[in-house]
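Data first, discussion second: the structure below is written as structure tokens.
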Amino acid sequence: MKKQITLLFFLLFHFILCAQMHYWTGAGGDSNWFNGNNWDTGEVPAAGSVATISGNFTVEIVDLPAFAAIIDMDNGAILTIENNVTLTQAIFTESSNTIIWRKGIVEGGIFNQGLFVIESAEIKRFNNAFFVNYNRISILDSSLIQLANTVTIDNEEGALISIDGSGGLNEISGTATLNNHGLISMSSNNSNGFYMVLDINNHGTIAVDENQTMLILVGSQFFINEATGIMEGKGSFDITANFTNHGTISPGGSDQVGILEFVNNLDFPADSVLEVDIYGTQPIDHDVFEIFGFPVLEGNFDVKIHSELTPGDEITVIIANSIVACNLPSEVSANYGSNDVYNFEVICESTSVKLKLISILLNTDEPAKGTPKIQLFPNPTFGEVFYTLDSIEPEDVANTKLEIFNLLGQSLLKITLEPSTESFDISQLENGVYLLELKDQSGLRASTKIVKQ
């Protein structure tokens with residue numbers, strides 16, 4: 001991105017050497033673009049002009065259409081657009097700049113490193129325009145923003161398009177394309193949904209907040225969620241455009257729990273991923289992907305476990321009207337805690353997909369050389385547990401005890417080992433995860449986990 005910005009400003013500098021220069025002085029005593037006294041030349045910029053605005057000035061384009069080759073903004077300048085602006089080159093901003101667009105047609109380019117605010121329900125149109133956003137676009141209340149002829153919007157990596165009001169981006173002629181490498185976020189401040197009628201290539205993240213709907217519409221448009229693309233949130237995606245998905249769908253968002261709805265078109269092929277966060281078995285404690293349609297499911301899972309589960313637990317992660325085909329993996333695994341491995345069976349039903357915990361492979365840290373080590377099998381167990389002890393002499397086994405605790409640290413069972421036995425029984429315990437400690441006369445010697453199912 002830095003190379004791209006450097007090239008842009010090199011081209012800007014080269015053009016400035018050949019163009020008529022206008023510097024805003026504000027000497028006219030107001031913020032009117034069309035007051036010649038506000039410019040150092042005494043004249044309003046024309047189609048071949050480079051207009052430079054700096055010094056924390058506020059400039060308003062209201063009365064008439066404005067023309068320029070380049071508008072160069074820095075040092076905290078604010079530009080308000082309420083009429084047509086035609087550029088043969090582009091508007092360039094810095095991080096301290098703000099552009100407020102209320103109405104009118106913008107033709108030409110915009111390289112935004114500051115804040116670009118779109119507000120009011122007045123008619124607004126990009127015509128033969130390109131917009132490269134490096135910082136933030138804030139859509140407060142736009143109505144439909146018309147996109148005419150050729151329009152390209154590039155939201156770069158690290159940049160944000162914040163949709164905080166109703167309206168939409170609507171291709172009315174030609175070809176309009178949105179390339180997202182950053183974040184497009186639709187917040188809970190929106191009350192009426194937001195429409196996208198243009199081609200979309202998502203390499204970044206599109207997030208829809210709770211009770212919000214993003215409509216990606218019209219069968220002639222194309223929406224591609226690329227391999228790096230993420231669609232997330234607790235709201236709804238309503239898609240009637242041609243949808244191709246190679247990326248990730250994340251209800252709630254990463255490490256958050258939520259229900260994410262898809263209405264109409266869903267594509268979930270073999271290279272797509274459903275990210276599932278699990279904090280418990282109750283519906284409010286884990287992600288749910290809700291599909292209002294008839295999906296073919298062929299992708300994979302990225303399961304993240306945030307709390308203890310017990311073998312046999314079932315978690316419904318997908319709900320649909322009717323699942324046409326389910327070619328998901330038969331089993332998936334996830335790490336928990338100190339790399340314990342939870343193994344789930346994937347159960348496809350006619351209207352849902354469940355994950356059933358079938359086993360837990362417990363990780364036990366290797367003891368220091370010369371210290372005891374206990375190995376248990378089977379683990380998980382229904383009752384009887386066989387064990388082997390390392391680094392303990394047979395004559396010392398009688399002085400060695402096992403003690404079992406629940407996860408609250410309460411002692412539930414004490415077992416005195418016998419040289420002649422190689423097993424013990426915990427069938428009297430309820431199903432769950434327990435801590436087992438190996439002790440001798442000198443105290444704690446080793447510990448591990450055991451699962452009763």
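Labels for the structure tokens follow display order: chains A, B, ..., residues from 1 in each chain, ligands from 1.
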Which residues come within 6 Å of range 251-256 of chain A, counting only C-alpha atoms, excluding same-chain residues fewer than 2 positions away, as JSON, numbers by chain?
{"A": [232, 233, 234, 258, 259, 260, 277, 287]}
Got time to write the residues from that selection, N, CA and C atoms, as a PDB file, in the first residue's frame?
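Saved to again_29.pdb:
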ATOM      1  N   GLU A 232     -19.284 -12.529   8.684  1.00  0.00           N
ATOM      2  CA  GLU A 232     -19.489 -12.809  10.101  1.00  0.00           C
ATOM      3  C   GLU A 232     -20.564 -11.915  10.700  1.00  0.00           C
ATOM      4  N   GLY A 233     -20.946 -12.237  11.943  1.00  0.00           N
ATOM      5  CA  GLY A 233     -21.849 -11.381  12.696  1.00  0.00           C
ATOM      6  C   GLY A 233     -23.025 -12.135  13.278  1.00  0.00           C
ATOM      7  N   LYS A 234     -23.993 -11.345  13.769  1.00  0.00           N
ATOM      8  CA  LYS A 234     -25.193 -11.885  14.417  1.00  0.00           C
ATOM      9  C   LYS A 234     -26.459 -11.459  13.687  1.00  0.00           C
ATOM     10  N   GLY A 258     -22.960 -16.278  18.350  1.00  0.00           N
ATOM     11  CA  GLY A 258     -24.112 -15.625  17.751  1.00  0.00           C
ATOM     12  C   GLY A 258     -24.807 -16.529  16.755  1.00  0.00           C
ATOM     13  N   ILE A 259     -25.974 -16.073  16.296  1.00  0.00           N
ATOM     14  CA  ILE A 259     -26.719 -16.735  15.229  1.00  0.00           C
ATOM     15  C   ILE A 259     -26.576 -15.873  13.984  1.00  0.00           C
ATOM     16  N   LEU A 260     -26.040 -16.450  12.916  1.00  0.00           N
ATOM     17  CA  LEU A 260     -25.886 -15.741  11.655  1.00  0.00           C
ATOM     18  C   LEU A 260     -26.827 -16.376  10.642  1.00  0.00           C
ATOM     19  N   ASP A 277     -17.664 -21.280  17.477  1.00  0.00           N
ATOM     20  CA  ASP A 277     -17.185 -21.080  18.849  1.00  0.00           C
ATOM     21  C   ASP A 277     -18.150 -21.749  19.810  1.00  0.00           C
ATOM     22  N   ASP A 287     -22.221 -21.019  18.616  1.00  0.00           N
ATOM     23  CA  ASP A 287     -22.619 -20.450  17.334  1.00  0.00           C
ATOM     24  C   ASP A 287     -23.664 -21.320  16.647  1.00  0.00           C
TER      25      ASP A 287
END
Shell of 6 Å around range 81-89 of chain A, only C-alpha atoms, local chain residues under 4 positions omitted, as a PyMOL selection string
chain A and resi 61-62+65-70+101-108
With C-alpha atoms kept, could you save the residues just selected as a PDB file, in the first residue's frame?
ATOM      1  CA  ILE A  61     -19.351  23.288  -2.699  1.00  0.00           C
ATOM      2  CA  VAL A  62     -23.028  24.234  -2.659  1.00  0.00           C
ATOM      3  CA  PRO A  65     -21.073  22.555  -9.941  1.00  0.00           C
ATOM      4  CA  ALA A  66     -17.327  22.596  -9.219  1.00  0.00           C
ATOM      5  CA  PHE A  67     -14.515  21.630 -11.605  1.00  0.00           C
ATOM      6  CA  ALA A  68     -10.864  20.845 -10.998  1.00  0.00           C
ATOM      7  CA  ALA A  69      -8.131  18.539 -12.148  1.00  0.00           C
ATOM      8  CA  ILE A  70      -6.992  17.802  -8.580  1.00  0.00           C
ATOM      9  CA  TRP A 101     -20.920  14.296   0.851  1.00  0.00           C
ATOM     10  CA  ARG A 102     -24.585  15.280   1.099  1.00  0.00           C
ATOM     11  CA  LYS A 103     -25.723  15.388  -2.536  1.00  0.00           C
ATOM     12  CA  GLY A 104     -24.572  15.768  -6.133  1.00  0.00           C
ATOM     13  CA  ILE A 105     -22.625  13.809  -8.738  1.00  0.00           C
ATOM     14  CA  VAL A 106     -18.956  13.031  -8.200  1.00  0.00           C
ATOM     15  CA  GLU A 107     -16.968  12.222 -11.326  1.00  0.00           C
ATOM     16  CA  GLY A 108     -13.275  11.317 -11.219  1.00  0.00           C
TER      17      GLY A 108
END
Select from range 140-337 of chain A everything DSSP, run on the backbone, classes as strand (DSSP E), then give the selection as a ChimeraX atom specification.
/A:143-155,160-163,167-171,175-180,183-186,194-197,199-202,205-208,213-216,222-225,230-233,236-239,242-245,248-251,259-264,273-278,288-292,296-297,300-305,314-320,325-326,331-336
Any chance you can output those residues with C-alpha atoms as a short mmCIF file (atom, residue, chain, number, x, y, z; two decimals), in the first residue's frame?
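What landed in selection_34.cif:
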data_model
loop_
_atom_site.label_atom_id
_atom_site.label_comp_id
_atom_site.auth_asym_id
_atom_site.auth_seq_id
_atom_site.Cartn_x
_atom_site.Cartn_y
_atom_site.Cartn_z
CA SER A 143 -30.59 6.68 0.59
CA LEU A 144 -29.44 4.84 -2.55
CA ILE A 145 -26.05 5.93 -3.89
CA GLN A 146 -26.25 5.61 -7.66
CA LEU A 147 -23.33 4.07 -9.56
CA ALA A 148 -23.23 4.99 -13.24
CA ASN A 149 -21.03 3.88 -16.14
CA THR A 150 -17.73 2.52 -14.71
CA VAL A 151 -17.32 2.75 -10.94
CA THR A 152 -14.72 0.96 -8.81
CA ILE A 153 -14.53 1.11 -5.00
CA ASP A 154 -11.39 -0.36 -3.39
CA ASN A 155 -11.46 -0.75 0.39
CA LEU A 160 -13.13 0.51 7.15
CA ILE A 161 -16.47 1.09 5.49
CA SER A 162 -18.87 1.69 8.37
CA ILE A 163 -22.57 1.39 7.47
CA GLY A 167 -29.62 3.11 1.94
CA GLY A 168 -27.42 1.26 -0.49
CA LEU A 169 -25.00 1.15 -3.40
CA ASN A 170 -26.99 0.74 -6.62
CA GLU A 171 -25.55 0.10 -10.08
CA THR A 175 -20.29 -1.87 -14.39
CA ALA A 176 -19.77 -1.16 -10.69
CA THR A 177 -17.36 -3.20 -8.56
CA LEU A 178 -16.51 -3.22 -4.85
CA ASN A 179 -13.18 -4.85 -3.94
CA ASN A 180 -12.90 -5.30 -0.18
CA LEU A 183 -13.58 -4.37 6.89
CA ILE A 184 -17.15 -3.57 5.87
CA SER A 185 -19.20 -3.28 9.06
CA MET A 186 -22.98 -2.86 9.34
CA PHE A 194 -28.60 -1.77 3.36
CA TYR A 195 -28.64 -2.77 -0.32
CA MET A 196 -25.66 -3.80 -2.44
CA VAL A 197 -26.43 -3.94 -6.17
CA ASP A 199 -20.26 -6.87 -8.19
CA ILE A 200 -18.41 -7.64 -4.92
CA ASN A 201 -15.05 -9.35 -4.44
CA ASN A 202 -14.48 -9.89 -0.73
CA THR A 205 -14.29 -9.14 6.32
CA ILE A 206 -17.96 -8.25 5.96
CA ALA A 207 -19.65 -8.04 9.38
CA VAL A 208 -23.39 -7.65 10.02
CA THR A 213 -29.79 -7.27 7.19
CA MET A 214 -27.35 -6.74 4.35
CA LEU A 215 -29.04 -7.35 1.01
CA ILE A 216 -26.69 -8.38 -1.82
CA PHE A 222 -21.67 -11.39 -8.80
CA PHE A 223 -20.62 -11.78 -5.18
CA ILE A 224 -17.41 -13.74 -4.55
CA ASN A 225 -16.23 -14.46 -1.03
CA ILE A 230 -14.85 -13.73 6.07
CA MET A 231 -18.61 -13.19 6.44
CA GLU A 232 -19.49 -12.81 10.10
CA GLY A 233 -21.85 -11.38 12.70
CA SER A 236 -28.51 -11.61 8.26
CA PHE A 237 -27.14 -11.82 4.71
CA ASP A 238 -29.93 -11.84 2.10
CA ILE A 239 -28.27 -12.85 -1.17
CA ASN A 242 -24.65 -15.01 -8.00
CA PHE A 243 -22.80 -16.15 -4.87
CA THR A 244 -19.49 -18.02 -4.93
CA ASN A 245 -17.90 -18.82 -1.57
CA THR A 248 -15.11 -18.47 5.97
CA ILE A 249 -18.55 -18.00 7.52
CA SER A 250 -18.33 -17.06 11.19
CA PRO A 251 -21.54 -16.71 13.23
CA ILE A 259 -26.72 -16.73 15.23
CA LEU A 260 -25.89 -15.74 11.66
CA GLU A 261 -28.66 -16.02 9.07
CA PHE A 262 -28.35 -16.60 5.32
CA VAL A 263 -31.46 -16.03 3.22
CA ASN A 264 -31.89 -17.26 -0.36
CA VAL A 273 -15.16 -23.14 6.26
CA LEU A 274 -17.73 -22.70 9.04
CA GLU A 275 -16.11 -21.25 12.16
CA VAL A 276 -17.86 -22.44 15.34
CA ASP A 277 -17.19 -21.08 18.85
CA ILE A 278 -18.43 -23.27 21.70
CA VAL A 288 -25.50 -21.33 15.05
CA PHE A 289 -25.55 -20.96 11.26
CA GLU A 290 -29.21 -20.58 10.25
CA ILE A 291 -30.03 -21.08 6.55
CA PHE A 292 -33.39 -20.03 5.12
CA VAL A 296 -25.86 -28.33 -0.37
CA LEU A 297 -23.19 -28.59 2.36
CA ASN A 300 -15.37 -28.00 6.65
CA PHE A 301 -15.38 -26.78 10.27
CA ASP A 302 -13.04 -24.68 12.36
CA VAL A 303 -14.20 -25.51 15.90
CA LYS A 304 -12.97 -23.49 18.87
CA ILE A 305 -13.65 -24.88 22.36
CA GLU A 314 -24.48 -32.70 21.22
CA ILE A 315 -24.39 -29.19 19.75
CA THR A 316 -26.59 -28.06 16.85
CA VAL A 317 -24.46 -25.80 14.68
CA ILE A 318 -26.48 -25.61 11.42
CA ILE A 319 -30.24 -25.21 10.94
CA ALA A 320 -31.91 -25.15 7.51
CA ALA A 325 -27.07 -32.85 0.34
CA CYS A 326 -24.62 -33.11 3.24
CA GLU A 331 -15.54 -36.24 12.16
CA VAL A 332 -13.81 -33.02 13.21
CA SER A 333 -11.37 -32.27 16.02
CA ALA A 334 -10.57 -29.22 18.13
CA ASN A 335 -8.00 -28.37 20.78
CA TYR A 336 -8.93 -27.26 24.27
#
Can you tell me how far CA of Gly383 in chain A sits from CA of Asp425 in chain A, in Å to one decimal?
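Interatomic distance here is 5.3 Å.
Here the question is which of A:Leu198, A:Val59, A:Leu140, A:Val433 gets nearest to Asn38 in chain A using only C-alpha atoms, and that residue is A:Val59.
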Using only C-alpha atoms, can you tell me which of A:Asn379, A:Asn327, A:Thr58, A:Thr52 comes closest to Ala270 in chain A?
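Of all the options, A:Asn327 lies closest to Ala270 in chain A.
Residues of range 7-167 of chain A assigned to alpha helix (DSSP H) by DSSP on this structure's backbone: Leu7, Leu8, Phe9, Phe10, Leu11, Leu12, Phe13, His14, Phe15, Ile16, Leu17 and Cys18 of chain A.
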Taking only C-alpha atoms into account, which of A:Asn32, A:Ser411, A:Thr41, A:Asn97 comes nearest Glu60 in chain A?
A:Asn32
To one decimal in Å, tell me the separation between CA of Glu430 in chain A and CA of Asp285 in chain A.
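Separation between CA of Glu430 in chain A and CA of Asp285 in chain A: 22.6 Å.
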Using only C-alpha atoms, pick whichever of A:Trp39, A:Trp24, A:Tyr434, A:Phe405 has the shortest atom-to-atom distance to Phe57 in chain A.
A:Trp24
Counting only C-alpha atoms, what is within 12 Å of Ile450 in chain A, bar same-chain residues fewer than 3 positions away, as an MDAnalysis selection string?
chainID A and resid 310:311 340 359:364 374:387 403:407 425:426 429 431:437 447 453
Writer output for current selection, N, CA and C atoms, as a short mmCIF file (atom, residue, chain, number, x, y, z; two decimals), in the first residue's frame:
data_model
loop_
_atom_site.label_atom_id
_atom_site.label_comp_id
_atom_site.auth_asym_id
_atom_site.auth_seq_id
_atom_site.Cartn_x
_atom_site.Cartn_y
_atom_site.Cartn_z
N THR A 310 -18.37 -32.71 27.88
CA THR A 310 -18.39 -34.10 28.30
C THR A 310 -18.74 -34.98 27.11
N PRO A 311 -18.05 -36.11 26.92
CA PRO A 311 -18.42 -37.01 25.84
C PRO A 311 -19.91 -37.32 25.85
N ASP A 340 -5.58 -30.46 24.88
CA ASP A 340 -6.46 -31.62 24.86
C ASP A 340 -7.20 -31.62 23.53
N SER A 359 -15.04 -38.35 21.96
CA SER A 359 -13.87 -38.73 22.75
C SER A 359 -13.02 -37.50 23.03
N ILE A 360 -12.22 -37.61 24.07
CA ILE A 360 -11.28 -36.56 24.43
C ILE A 360 -9.92 -37.21 24.61
N LEU A 361 -8.96 -36.73 23.87
CA LEU A 361 -7.58 -37.18 24.02
C LEU A 361 -6.87 -36.18 24.90
N LEU A 362 -6.55 -36.61 26.12
CA LEU A 362 -5.98 -35.70 27.11
C LEU A 362 -4.48 -35.56 26.92
N ASN A 363 -4.02 -34.34 27.06
CA ASN A 363 -2.60 -34.05 27.00
C ASN A 363 -2.03 -34.06 28.41
N THR A 364 -1.01 -34.83 28.61
CA THR A 364 -0.32 -34.83 29.92
C THR A 364 1.11 -34.38 29.69
N ILE A 374 2.17 -41.66 35.35
CA ILE A 374 1.08 -42.62 35.33
C ILE A 374 0.38 -42.56 34.00
N GLN A 375 0.12 -43.70 33.42
CA GLN A 375 -0.60 -43.79 32.16
C GLN A 375 -1.90 -44.55 32.40
N LEU A 376 -3.00 -44.00 31.83
CA LEU A 376 -4.34 -44.56 32.05
C LEU A 376 -4.93 -45.02 30.72
N PHE A 377 -5.67 -46.12 30.75
CA PHE A 377 -6.38 -46.56 29.54
C PHE A 377 -7.49 -47.51 29.96
N PRO A 378 -8.67 -47.47 29.35
CA PRO A 378 -9.04 -46.46 28.36
C PRO A 378 -9.33 -45.12 29.05
N ASN A 379 -9.18 -44.06 28.30
CA ASN A 379 -9.47 -42.71 28.81
C ASN A 379 -9.96 -41.87 27.63
N PRO A 380 -11.25 -41.62 27.56
CA PRO A 380 -12.34 -41.76 28.53
C PRO A 380 -12.66 -43.23 28.86
N THR A 381 -13.33 -43.41 30.00
CA THR A 381 -13.68 -44.73 30.50
C THR A 381 -15.11 -44.77 30.98
N PHE A 382 -15.70 -45.98 30.93
CA PHE A 382 -17.03 -46.17 31.50
C PHE A 382 -16.96 -46.57 32.97
N GLY A 383 -15.80 -46.99 33.44
CA GLY A 383 -15.69 -47.39 34.84
C GLY A 383 -14.31 -47.89 35.19
N GLU A 384 -13.95 -49.08 34.71
CA GLU A 384 -12.66 -49.66 35.06
C GLU A 384 -11.54 -48.97 34.28
N VAL A 385 -10.46 -48.67 35.00
CA VAL A 385 -9.31 -47.99 34.40
C VAL A 385 -8.06 -48.80 34.71
N PHE A 386 -7.31 -49.12 33.69
CA PHE A 386 -6.03 -49.79 33.86
C PHE A 386 -4.93 -48.74 33.89
N TYR A 387 -3.88 -49.03 34.63
CA TYR A 387 -2.82 -48.03 34.74
C TYR A 387 -1.45 -48.71 34.71
N GLU A 403 -5.70 -40.01 44.18
CA GLU A 403 -6.82 -39.22 44.68
C GLU A 403 -7.47 -38.50 43.49
N ILE A 404 -8.79 -38.55 43.43
CA ILE A 404 -9.54 -37.99 42.31
C ILE A 404 -10.35 -36.79 42.79
N PHE A 405 -10.25 -35.68 42.04
CA PHE A 405 -10.93 -34.43 42.39
C PHE A 405 -11.85 -34.02 41.23
N ASN A 406 -12.94 -33.30 41.58
CA ASN A 406 -13.70 -32.67 40.50
C ASN A 406 -13.02 -31.36 40.12
N LEU A 407 -13.59 -30.65 39.15
CA LEU A 407 -12.95 -29.44 38.65
C LEU A 407 -13.06 -28.27 39.62
N ASP A 425 -11.53 -48.64 39.75
CA ASP A 425 -12.86 -48.44 39.18
C ASP A 425 -13.43 -47.10 39.63
N ILE A 426 -14.00 -46.34 38.67
CA ILE A 426 -14.64 -45.06 39.01
C ILE A 426 -16.08 -45.02 38.51
N LEU A 429 -18.71 -42.59 39.91
CA LEU A 429 -18.69 -41.16 39.64
C LEU A 429 -19.62 -40.81 38.48
N ASN A 431 -20.71 -38.81 35.02
CA ASN A 431 -19.97 -38.50 33.79
C ASN A 431 -19.37 -37.10 33.88
N GLY A 432 -18.12 -36.99 33.45
CA GLY A 432 -17.48 -35.68 33.48
C GLY A 432 -15.98 -35.80 33.44
N VAL A 433 -15.32 -34.67 33.62
CA VAL A 433 -13.87 -34.59 33.59
C VAL A 433 -13.36 -34.44 35.02
N TYR A 434 -12.34 -35.21 35.39
CA TYR A 434 -11.81 -35.20 36.75
C TYR A 434 -10.29 -35.07 36.71
N LEU A 435 -9.75 -34.63 37.83
CA LEU A 435 -8.31 -34.54 38.01
C LEU A 435 -7.84 -35.70 38.87
N LEU A 436 -6.76 -36.34 38.45
CA LEU A 436 -6.22 -37.47 39.20
C LEU A 436 -4.81 -37.12 39.65
N GLU A 437 -4.55 -37.32 40.94
CA GLU A 437 -3.23 -37.03 41.50
C GLU A 437 -2.61 -38.30 42.06
N SER A 447 0.28 -35.81 38.10
CA SER A 447 -1.15 -35.54 37.97
C SER A 447 -1.54 -35.65 36.49
N GLN A 453 -17.37 -41.45 31.19
CA GLN A 453 -18.49 -41.29 30.24
C GLN A 453 -19.53 -42.38 30.48
#
Nearest residue to Ala129 in chain A from the set A:Val257, A:Ile110, A:Leu389, A:Leu217 (distances using only C-alpha atoms):
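Using only C-alpha atoms, the shortest distance to Ala129 in chain A belongs to A:Ile110.
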